[in-house]
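Heads up, start-v4.pdb below (PDB, C-alpha atoms, pLDDT in the B column):
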```pdb
MODEL        1
ATOM      1  CA  MET A   1      39.213  -1.289  77.138  1.00 46.00           C
ATOM      2  CA  LEU A   2      37.520  -1.121  73.790  1.00 47.00           C
ATOM      3  CA  PRO A   3      39.435  -2.477  70.770  1.00 53.00           C
ATOM      4  CA  PRO A   4      40.630   0.166  68.344  1.00 54.00           C
ATOM      5  CA  GLU A   5      38.188   0.976  65.632  1.00 52.00           C
ATOM      6  CA  THR A   6      38.803  -0.635  62.264  1.00 52.00           C
ATOM      7  CA  PRO A   7      38.550   1.934  59.501  1.00 55.00           C
ATOM      8  CA  ASN A   8      36.007   1.219  56.833  1.00 57.00           C
ATOM      9  CA  PRO A   9      37.504  -0.032  53.571  1.00 57.00           C
ATOM     10  CA  PRO A  10      37.541   2.583  50.828  1.00 58.00           C
ATOM     11  CA  ALA A  11      34.323   2.592  48.829  1.00 58.00           C
ATOM     12  CA  GLU A  12      34.618   1.572  45.190  1.00 73.00           C
ATOM     13  CA  ALA A  13      32.022   2.616  42.659  1.00 78.00           C
ATOM     14  CA  VAL A  14      31.286   0.421  39.677  1.00 77.00           C
ATOM     15  CA  LYS A  15      30.972   2.524  36.561  1.00 82.00           C
ATOM     16  CA  TRP A  16      28.957   1.740  33.466  1.00 81.00           C
ATOM     17  CA  ARG A  17      31.076   0.682  30.492  1.00 82.00           C
ATOM     18  CA  ILE A  18      30.383   0.142  26.843  1.00 84.00           C
ATOM     19  CA  PRO A  19      29.896  -3.618  26.309  1.00 83.00           C
ATOM     20  CA  ASP A  20      32.506  -5.418  24.232  1.00 87.00           C
ATOM     21  CA  LEU A  21      31.679  -6.708  20.763  1.00 87.00           C
ATOM     22  CA  HIS A  22      31.793 -10.498  20.664  1.00 87.00           C
ATOM     23  CA  PRO A  23      34.279 -11.837  18.070  1.00 89.00           C
ATOM     24  CA  GLU A  24      31.472 -13.801  16.400  1.00 86.00           C
ATOM     25  CA  GLY A  25      29.852 -10.525  15.369  1.00 85.00           C
ATOM     26  CA  ARG A  26      32.869  -8.682  13.987  1.00 90.00           C
ATOM     27  CA  LYS A  27      32.469  -9.909  10.419  1.00 90.00           C
ATOM     28  CA  TYR A  28      28.760  -9.001  10.369  1.00 88.00           C
ATOM     29  CA  VAL A  29      29.470  -5.504  11.646  1.00 92.00           C
ATOM     30  CA  ALA A  30      32.234  -5.142   9.049  1.00 94.00           C
ATOM     31  CA  ILE A  31      29.947  -6.293   6.213  1.00 93.00           C
ATOM     32  CA  ALA A  32      27.154  -3.929   7.270  1.00 92.00           C
ATOM     33  CA  GLY A  33      29.638  -1.086   7.668  1.00 93.00           C
ATOM     34  CA  VAL A  34      31.130  -1.608   4.197  1.00 93.00           C
ATOM     35  CA  ILE A  35      27.661  -1.636   2.626  1.00 93.00           C
ATOM     36  CA  ALA A  36      26.798   1.604   4.456  1.00 93.00           C
ATOM     37  CA  LEU A  37      30.072   3.199   3.304  1.00 93.00           C
ATOM     38  CA  VAL A  38      29.483   2.201  -0.322  1.00 92.00           C
ATOM     39  CA  ALA A  39      25.948   3.593  -0.140  1.00 91.00           C
ATOM     40  CA  LEU A  40      27.296   6.858   1.282  1.00 90.00           C
ATOM     41  CA  VAL A  41      29.843   7.240  -1.516  1.00 90.00           C
ATOM     42  CA  TRP A  42      27.498   6.304  -4.351  1.00 92.00           C
ATOM     43  CA  PHE A  43      24.106   7.549  -3.202  1.00 87.00           C
ATOM     44  CA  GLY A  44      24.707  10.038  -0.393  1.00 87.00           C
ATOM     45  CA  TRP A  45      23.412  10.417   3.152  1.00 87.00           C
ATOM     46  CA  PHE A  46      19.747   9.881   2.303  1.00 87.00           C
ATOM     47  CA  VAL A  47      20.390   6.221   1.457  1.00 82.00           C
ATOM     48  CA  ALA A  48      23.323   5.721   3.844  1.00 88.00           C
ATOM     49  CA  TRP A  49      21.597   6.766   7.103  1.00 93.00           C
ATOM     50  CA  PRO A  50      19.318   3.688   7.346  1.00 91.00           C
ATOM     51  CA  LEU A  51      22.281   1.423   6.561  1.00 92.00           C
ATOM     52  CA  ILE A  52      24.381   3.122   9.237  1.00 93.00           C
ATOM     53  CA  GLY A  53      21.514   2.482  11.660  1.00 93.00           C
ATOM     54  CA  ILE A  54      21.496  -1.202  10.674  1.00 92.00           C
ATOM     55  CA  THR A  55      25.260  -1.373  11.249  1.00 93.00           C
ATOM     56  CA  LEU A  56      24.835   0.041  14.755  1.00 92.00           C
ATOM     57  CA  TRP A  57      22.012  -2.407  15.444  1.00 88.00           C
ATOM     58  CA  VAL A  58      24.177  -5.364  14.347  1.00 88.00           C
ATOM     59  CA  ALA A  59      26.919  -4.177  16.715  1.00 89.00           C
ATOM     60  CA  LEU A  60      24.324  -3.851  19.475  1.00 87.00           C
ATOM     61  CA  PHE A  61      23.036  -7.372  18.798  1.00 85.00           C
ATOM     62  CA  PHE A  62      26.488  -8.912  19.297  1.00 89.00           C
ATOM     63  CA  ARG A  63      27.325  -6.939  22.456  1.00 90.00           C
ATOM     64  CA  ASP A  64      28.897  -9.004  25.204  1.00 92.00           C
ATOM     65  CA  PRO A  65      28.518  -7.224  28.564  1.00 92.00           C
ATOM     66  CA  VAL A  66      30.294  -8.246  31.738  1.00 92.00           C
ATOM     67  CA  ARG A  67      28.005 -10.062  34.173  1.00 92.00           C
ATOM     68  CA  VAL A  68      28.394 -10.700  37.913  1.00 93.00           C
ATOM     69  CA  THR A  69      27.120 -14.184  38.775  1.00 95.00           C
ATOM     70  CA  PRO A  70      25.835 -14.786  42.336  1.00 93.00           C
ATOM     71  CA  SER A  71      27.615 -17.600  44.134  1.00 88.00           C
ATOM     72  CA  GLY A  72      26.040 -20.073  46.512  1.00 86.00           C
ATOM     73  CA  GLU A  73      25.092 -23.713  46.691  1.00 86.00           C
ATOM     74  CA  GLY A  74      21.834 -24.705  45.050  1.00 89.00           C
ATOM     75  CA  LEU A  75      21.478 -21.656  42.798  1.00 93.00           C
ATOM     76  CA  ILE A  76      20.473 -21.889  39.139  1.00 95.00           C
ATOM     77  CA  VAL A  77      21.072 -18.688  37.197  1.00 96.00           C
ATOM     78  CA  SER A  78      19.341 -17.673  34.001  1.00 96.00           C
ATOM     79  CA  PRO A  79      21.221 -18.687  30.851  1.00 95.00           C
ATOM     80  CA  ALA A  80      19.627 -15.949  28.740  1.00 94.00           C
ATOM     81  CA  ASP A  81      18.539 -12.320  28.704  1.00 95.00           C
ATOM     82  CA  GLY A  82      14.897 -11.824  27.877  1.00 93.00           C
ATOM     83  CA  LEU A  83      11.272 -12.218  28.875  1.00 95.00           C
ATOM     84  CA  VAL A  84      10.121 -15.136  31.025  1.00 95.00           C
ATOM     85  CA  SER A  85       7.373 -16.204  28.634  1.00 93.00           C
ATOM     86  CA  MET A  86       6.358 -19.676  29.915  1.00 93.00           C
ATOM     87  CA  ILE A  87       6.617 -21.660  33.140  1.00 94.00           C
ATOM     88  CA  GLN A  88       5.006 -25.090  32.955  1.00 93.00           C
ATOM     89  CA  ARG A  89       5.558 -28.748  33.789  1.00 94.00           C
ATOM     90  CA  VAL A  90       6.191 -30.665  30.578  1.00 93.00           C
ATOM     91  CA  PRO A  91       7.670 -33.979  29.432  1.00 93.00           C
ATOM     92  CA  VAL A  92      11.443 -33.840  29.038  1.00 92.00           C
ATOM     93  CA  PRO A  93      12.597 -33.866  25.387  1.00 90.00           C
ATOM     94  CA  ARG A  94      13.812 -37.304  24.395  1.00 88.00           C
ATOM     95  CA  GLU A  95      17.285 -35.885  23.699  1.00 88.00           C
ATOM     96  CA  LEU A  96      17.537 -34.834  27.375  1.00 90.00           C
ATOM     97  CA  ALA A  97      15.749 -37.843  28.888  1.00 88.00           C
ATOM     98  CA  GLY A  98      17.057 -41.196  30.058  1.00 83.00           C
ATOM     99  CA  PRO A  99      19.458 -42.277  32.811  1.00 82.00           C
ATOM    100  CA  ASN A 100      22.347 -40.308  31.326  1.00 79.00           C
ATOM    101  CA  GLY A 101      20.242 -37.152  31.060  1.00 83.00           C
ATOM    102  CA  LEU A 102      17.437 -35.720  33.155  1.00 90.00           C
ATOM    103  CA  GLY A 103      15.372 -38.881  33.582  1.00 88.00           C
ATOM    104  CA  ASP A 104      11.947 -39.598  32.150  1.00 89.00           C
ATOM    105  CA  ALA A 105       9.605 -37.758  34.549  1.00 92.00           C
ATOM    106  CA  PRO A 106       8.085 -34.389  33.549  1.00 94.00           C
ATOM    107  CA  LEU A 107       9.938 -31.327  34.848  1.00 94.00           C
ATOM    108  CA  VAL A 108       9.207 -27.624  35.206  1.00 94.00           C
ATOM    109  CA  ARG A 109      10.345 -25.804  32.083  1.00 96.00           C
ATOM    110  CA  VAL A 110      11.157 -22.092  32.257  1.00 96.00           C
ATOM    111  CA  SER A 111      11.229 -20.438  28.833  1.00 95.00           C
ATOM    112  CA  VAL A 112      13.073 -17.158  28.222  1.00 95.00           C
ATOM    113  CA  PHE A 113      12.274 -15.374  24.962  1.00 92.00           C
ATOM    114  CA  MET A 114      15.059 -13.237  23.473  1.00 90.00           C
ATOM    115  CA  SER A 115      13.985 -10.438  21.158  1.00 87.00           C
ATOM    116  CA  VAL A 116      16.328  -8.992  18.565  1.00 83.00           C
ATOM    117  CA  PHE A 117      17.149  -6.227  21.067  1.00 87.00           C
ATOM    118  CA  ASP A 118      18.345  -8.559  23.857  1.00 90.00           C
ATOM    119  CA  VAL A 119      21.886  -9.780  24.475  1.00 90.00           C
ATOM    120  CA  HIS A 120      22.157 -13.155  22.727  1.00 88.00           C
ATOM    121  CA  ILE A 121      25.183 -14.581  24.518  1.00 92.00           C
ATOM    122  CA  ASN A 122      23.970 -17.620  26.494  1.00 94.00           C
ATOM    123  CA  ARG A 123      25.526 -18.749  29.770  1.00 95.00           C
ATOM    124  CA  THR A 124      25.514 -21.961  31.788  1.00 95.00           C
ATOM    125  CA  PRO A 125      23.035 -22.022  34.721  1.00 95.00           C
ATOM    126  CA  ILE A 126      25.391 -23.959  37.027  1.00 95.00           C
ATOM    127  CA  ALA A 127      29.025 -24.907  37.387  1.00 94.00           C
ATOM    128  CA  GLY A 128      30.047 -28.416  36.448  1.00 94.00           C
ATOM    129  CA  THR A 129      30.824 -30.635  33.477  1.00 95.00           C
ATOM    130  CA  VAL A 130      29.112 -30.542  30.099  1.00 94.00           C
ATOM    131  CA  LYS A 131      27.689 -34.051  29.652  1.00 93.00           C
ATOM    132  CA  GLN A 132      25.723 -33.675  26.408  1.00 90.00           C
ATOM    133  CA  VAL A 133      25.516 -31.301  23.463  1.00 92.00           C
ATOM    134  CA  VAL A 134      22.894 -32.449  20.942  1.00 90.00           C
ATOM    135  CA  TYR A 135      22.137 -30.362  17.843  1.00 87.00           C
ATOM    136  CA  ILE A 136      18.900 -30.913  15.897  1.00 84.00           C
ATOM    137  CA  SER A 137      18.037 -29.217  12.625  1.00 79.00           C
ATOM    138  CA  GLY A 138      14.468 -28.005  12.197  1.00 61.00           C
ATOM    139  CA  LYS A 139      12.116 -25.208  11.241  1.00 57.00           C
ATOM    140  CA  PHE A 140      12.224 -21.497  12.076  1.00 54.00           C
ATOM    141  CA  VAL A 141       8.736 -20.719  13.394  1.00 51.00           C
ATOM    142  CA  ASN A 142       8.109 -18.015  15.981  1.00 50.00           C
ATOM    143  CA  ALA A 143      10.142 -18.943  19.077  1.00 47.00           C
ATOM    144  CA  GLU A 144       7.351 -17.607  21.338  1.00 53.00           C
ATOM    145  CA  LEU A 145       5.113 -20.523  20.288  1.00 52.00           C
ATOM    146  CA  ASP A 146       5.124 -23.626  22.476  1.00 52.00           C
ATOM    147  CA  LYS A 147       5.625 -25.924  19.463  1.00 48.00           C
ATOM    148  CA  ALA A 148       8.993 -24.269  18.789  1.00 51.00           C
ATOM    149  CA  SER A 149      10.441 -26.597  21.459  1.00 56.00           C
ATOM    150  CA  GLU A 150       9.725 -29.551  19.171  1.00 60.00           C
ATOM    151  CA  ASP A 151       9.743 -28.098  15.646  1.00 61.00           C
ATOM    152  CA  ASN A 152      12.534 -25.521  15.497  1.00 68.00           C
ATOM    153  CA  GLU A 153      16.257 -25.859  15.020  1.00 79.00           C
ATOM    154  CA  ARG A 154      17.632 -26.357  18.513  1.00 84.00           C
ATOM    155  CA  GLN A 155      20.544 -27.504  20.622  1.00 90.00           C
ATOM    156  CA  HIS A 156      20.191 -29.430  23.879  1.00 93.00           C
ATOM    157  CA  ILE A 157      22.859 -29.139  26.582  1.00 94.00           C
ATOM    158  CA  VAL A 158      23.160 -31.035  29.880  1.00 94.00           C
ATOM    159  CA  VAL A 159      25.512 -29.825  32.617  1.00 95.00           C
ATOM    160  CA  GLU A 160      26.263 -32.073  35.580  1.00 93.00           C
ATOM    161  CA  GLY A 161      26.897 -30.007  38.685  1.00 89.00           C
ATOM    162  CA  ARG A 162      29.569 -30.552  41.259  1.00 85.00           C
ATOM    163  CA  PRO A 163      28.588 -32.688  44.280  1.00 81.00           C
ATOM    164  CA  ALA A 164      26.677 -30.696  46.902  1.00 78.00           C
ATOM    165  CA  ALA A 165      27.474 -30.783  50.613  1.00 77.00           C
ATOM    166  CA  ASP A 166      25.118 -33.742  51.055  1.00 78.00           C
ATOM    167  CA  GLY A 167      26.692 -35.584  48.113  1.00 77.00           C
ATOM    168  CA  THR A 168      23.801 -34.892  45.723  1.00 81.00           C
ATOM    169  CA  VAL A 169      24.762 -34.436  42.087  1.00 85.00           C
ATOM    170  CA  ARG A 170      22.240 -32.511  39.981  1.00 88.00           C
ATOM    171  CA  ARG A 171      21.970 -32.190  36.253  1.00 91.00           C
ATOM    172  CA  ILE A 172      20.494 -29.154  34.547  1.00 94.00           C
ATOM    173  CA  GLY A 173      19.267 -29.407  30.983  1.00 94.00           C
ATOM    174  CA  PHE A 174      18.598 -26.428  28.759  1.00 93.00           C
ATOM    175  CA  THR A 175      17.769 -25.944  25.105  1.00 93.00           C
ATOM    176  CA  GLN A 176      18.783 -23.179  22.715  1.00 92.00           C
ATOM    177  CA  ILE A 177      15.964 -22.724  20.192  1.00 87.00           C
ATOM    178  CA  ALA A 178      16.302 -20.801  16.930  1.00 80.00           C
ATOM    179  CA  GLY A 179      13.494 -18.378  16.146  1.00 65.00           C
ATOM    180  CA  LEU A 180      11.785 -16.717  13.233  1.00 63.00           C
ATOM    181  CA  LEU A 181      14.881 -14.719  12.268  1.00 58.00           C
ATOM    182  CA  ALA A 182      17.574 -16.872  13.849  1.00 52.00           C
ATOM    183  CA  ARG A 183      19.501 -18.996  11.404  1.00 58.00           C
ATOM    184  CA  ARG A 184      22.343 -20.432  13.392  1.00 76.00           C
ATOM    185  CA  ILE A 185      23.108 -21.657  16.895  1.00 85.00           C
ATOM    186  CA  VAL A 186      26.786 -21.189  17.701  1.00 86.00           C
ATOM    187  CA  PRO A 187      28.191 -23.439  20.481  1.00 87.00           C
ATOM    188  CA  PHE A 188      31.188 -22.474  22.605  1.00 92.00           C
ATOM    189  CA  VAL A 189      31.410 -25.760  24.534  1.00 92.00           C
ATOM    190  CA  LYS A 190      31.560 -29.510  23.880  1.00 92.00           C
ATOM    191  CA  PRO A 191      30.982 -32.646  26.014  1.00 93.00           C
ATOM    192  CA  GLY A 192      33.608 -33.009  28.715  1.00 93.00           C
ATOM    193  CA  ASP A 193      34.259 -29.285  29.129  1.00 94.00           C
ATOM    194  CA  MET A 194      34.352 -27.891  32.665  1.00 95.00           C
ATOM    195  CA  VAL A 195      32.288 -24.724  33.078  1.00 95.00           C
ATOM    196  CA  ALA A 196      31.790 -22.158  35.814  1.00 94.00           C
ATOM    197  CA  ALA A 197      28.340 -20.822  36.682  1.00 94.00           C
ATOM    198  CA  GLY A 198      27.505 -17.979  34.316  1.00 94.00           C
ATOM    199  CA  GLN A 199      30.215 -18.900  31.816  1.00 95.00           C
ATOM    200  CA  ARG A 200      29.477 -18.184  28.144  1.00 95.00           C
ATOM    201  CA  ILE A 201      28.419 -21.373  26.368  1.00 93.00           C
ATOM    202  CA  GLY A 202      27.047 -20.131  23.032  1.00 91.00           C
ATOM    203  CA  LEU A 203      24.850 -17.685  21.172  1.00 88.00           C
ATOM    204  CA  ILE A 204      21.893 -17.718  18.815  1.00 84.00           C
ATOM    205  CA  ARG A 205      21.935 -15.263  15.964  1.00 76.00           C
ATOM    206  CA  PHE A 206      18.985 -12.852  15.577  1.00 68.00           C
ATOM    207  CA  GLY A 207      16.078 -13.674  17.896  1.00 63.00           C
ATOM    208  CA  SER A 208      15.337 -16.913  19.702  1.00 81.00           C
ATOM    209  CA  ARG A 209      14.361 -18.703  22.916  1.00 87.00           C
ATOM    210  CA  LEU A 210      15.978 -20.722  25.676  1.00 92.00           C
ATOM    211  CA  ASP A 211      14.276 -23.414  27.773  1.00 94.00           C
ATOM    212  CA  VAL A 212      15.606 -24.506  31.173  1.00 96.00           C
ATOM    213  CA  TYR A 213      14.424 -27.699  32.913  1.00 96.00           C
ATOM    214  CA  LEU A 214      14.470 -27.451  36.716  1.00 94.00           C
ATOM    215  CA  PRO A 215      15.045 -30.573  38.863  1.00 92.00           C
ATOM    216  CA  ASP A 216      12.154 -31.521  41.147  1.00 90.00           C
ATOM    217  CA  ASP A 217      14.027 -30.435  44.276  1.00 89.00           C
ATOM    218  CA  CYS A 218      14.416 -26.915  42.876  1.00 92.00           C
ATOM    219  CA  THR A 219      11.825 -24.149  43.021  1.00 93.00           C
ATOM    220  CA  CYS A 220      11.302 -21.505  40.367  1.00 94.00           C
ATOM    221  CA  GLN A 221      12.436 -18.034  41.449  1.00 95.00           C
ATOM    222  CA  VAL A 222      11.073 -16.014  38.519  1.00 95.00           C
ATOM    223  CA  VAL A 223       7.522 -15.203  37.426  1.00 95.00           C
ATOM    224  CA  LEU A 224       5.789 -14.839  34.088  1.00 94.00           C
ATOM    225  CA  GLY A 225       6.517 -11.517  32.435  1.00 93.00           C
ATOM    226  CA  GLN A 226       9.696 -10.917  34.408  1.00 94.00           C
ATOM    227  CA  ARG A 227      12.858  -9.822  32.626  1.00 95.00           C
ATOM    228  CA  SER A 228      15.831 -12.085  33.248  1.00 95.00           C
ATOM    229  CA  VAL A 229      19.526 -11.294  32.889  1.00 96.00           C
ATOM    230  CA  ALA A 230      21.875 -14.048  31.746  1.00 95.00           C
ATOM    231  CA  GLY A 231      24.385 -15.057  34.393  1.00 94.00           C
ATOM    232  CA  GLU A 232      22.795 -12.876  37.077  1.00 96.00           C
ATOM    233  CA  THR A 233      19.070 -13.536  37.599  1.00 96.00           C
ATOM    234  CA  ILE A 234      18.440 -16.481  39.922  1.00 95.00           C
ATOM    235  CA  LEU A 235      16.096 -18.707  37.941  1.00 95.00           C
ATOM    236  CA  GLY A 236      15.739 -21.455  40.546  1.00 93.00           C
ATOM    237  CA  ARG A 237      17.148 -22.673  43.816  1.00 93.00           C
ATOM    238  CA  VAL A 238      17.207 -25.909  45.776  1.00 90.00           C
ATOM    239  CA  GLY A 239      14.374 -25.922  48.314  1.00 85.00           C
ATOM    240  CA  GLY A 240      12.558 -22.772  49.307  1.00 79.00           C
ATOM    241  CA  THR A 241       9.241 -21.584  47.950  1.00 86.00           C
ATOM    242  CA  THR A 242       8.151 -20.752  44.415  1.00 86.00           C
ATOM    243  CA  ALA A 243       8.290 -17.051  43.595  1.00 85.00           C
ATOM    244  CA  VAL A 244       5.086 -15.115  42.991  1.00 85.00           C
ATOM    245  CA  GLY A 245       4.701 -11.655  41.538  1.00 83.00           C
ATOM    246  CA  VAL A 246       2.282  -8.890  40.634  1.00 82.00           C
ATOM    247  CA  ALA A 247       2.286  -7.119  37.270  1.00 81.00           C
ATOM    248  CA  GLN A 248       2.455  -3.331  37.734  1.00 82.00           C
TER     249      GLN A 248
ENDMDL
END
```
Since I need it in another form, could you write the structure as structure tokens?
Amino acid sequence: MLPPETPNPPAEAVKWRIPDLHPEGRKYVAIAGVIALVALVWFGWFVAWPLIGITLWVALFFRDPVRVTPSGEGLIVSPADGLVSMIQRVPVPRELAGPNGLGDAPLVRVSVFMSVFDVHINRTPIAGTVKQVVYISGKFVNAELDKASEDNERQHIVVEGRPAADGTVRRIGFTQIAGLLARRIVPFVKPGDMVAAGQRIGLIRFGSRLDVYLPDDCTCQVVLGQRSVAGETILGRVGGTTAVGVAQ
């Protein structure tokens, strides 16, 4: 006798929603809105319209959408929205090197460039414990340039993952880099904090870049020119093969 059929669970559709405004951006939206209102009262719509557009853009810049982070052992998710602009093996920055960091051997660095139109909330690539947060003041050259990793204002973060099934403990280092327009890196975490994969860890105001250093036992899962989504795009994974792609 066949077992009774199990009815399918009711389907649930996920609807698009307007992203929340991050609290860090409220004062900037308020300032821009007041300026637009004053311009409207004193000078009329001709002057006010561009300022209203700027106010809407500021609100858009500080949007904080909900993200669904894939779960699974050995996954490294992208910490930033933007364009995968560089993938290359480079020496580890001295602030991330050493026995308490990522070691001294060169690692594959994946750089994600955030334009002023991208979401600028950054998220942790893995779950674990924040081991280091090192802020360095610097210049504000174009974040798309390779030298921005060494010259620009930046903040280095190391997260130590939870032990894997085989007992391996991995550390992921990533760097928030200020850009041509960015003037402040805002941290949400400090050393000793426990974080979940995809959790918000900071933001960079007005255009910037984020570098992620992949351990040697991880393969890159994105390609140059690809768009990544913070907290969702799988940037790397333990084992496997390196991703390849074709521009279309």
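When the PyMOL selection byres ((chain A and resi 50) around 12) is run on the displayed coordinates, the residues it returns are A:Ala32, A:Gly33, A:Ile35, A:Ala36, A:Leu37, A:Ala39, A:Leu40, A:Gly44, A:Trp45, A:Phe46, A:Val47, A:Ala48, A:Trp49, A:Leu51, A:Ile52, A:Gly53, A:Ile54, A:Thr55, A:Leu56, A:Trp57.
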(10.2, -10.9, 35.3) in this file's frame - what residues fall within 10 Å of it? Use only C-alpha atoms and give the answer as a PyMOL selection string.
chain A and resi 82-85+112+221-229+233+245-247
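Separating atom CA of Ala243 of chain A from atom CA of Val77 of chain A is a distance of 14.4 Å.
Put simply, the PyMOL selection byres ((chain A and resi 60-69) around 8) in this file takes in Ile18, Pro19, Asp20, Leu21, His22, Glu24, Gly25, Leu56, Trp57, Val58, Ala59, Pro70, Ser71, Val77, Val116, Phe117, Asp118, Val119, His120, Ile121, Ala197, Gly198, Phe206, Ala230, Gly231 and Glu232 of chain A.
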Please identify all polymer residues lying at most 10 Å from the point (29.5, -25.9, 25.9) (file coordinates), using all atoms listed in the file, and present the result as a PyMOL selection string.
chain A and resi 122-124+129-133+157-159+186-195+199-202
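Atom to atom, atom CA of Gly236 of chain A and atom CA of Ile76 of chain A stand 5.0 Å apart.
On the file presented, the PyMOL selection byres ((chain A and resi 241) around 12) picks out Asp217, Cys218, Thr219, Cys220, Gln221, Val222, Gly236, Arg237, Val238, Gly239, Gly240, Thr242, Ala243 and Val244 of chain A.
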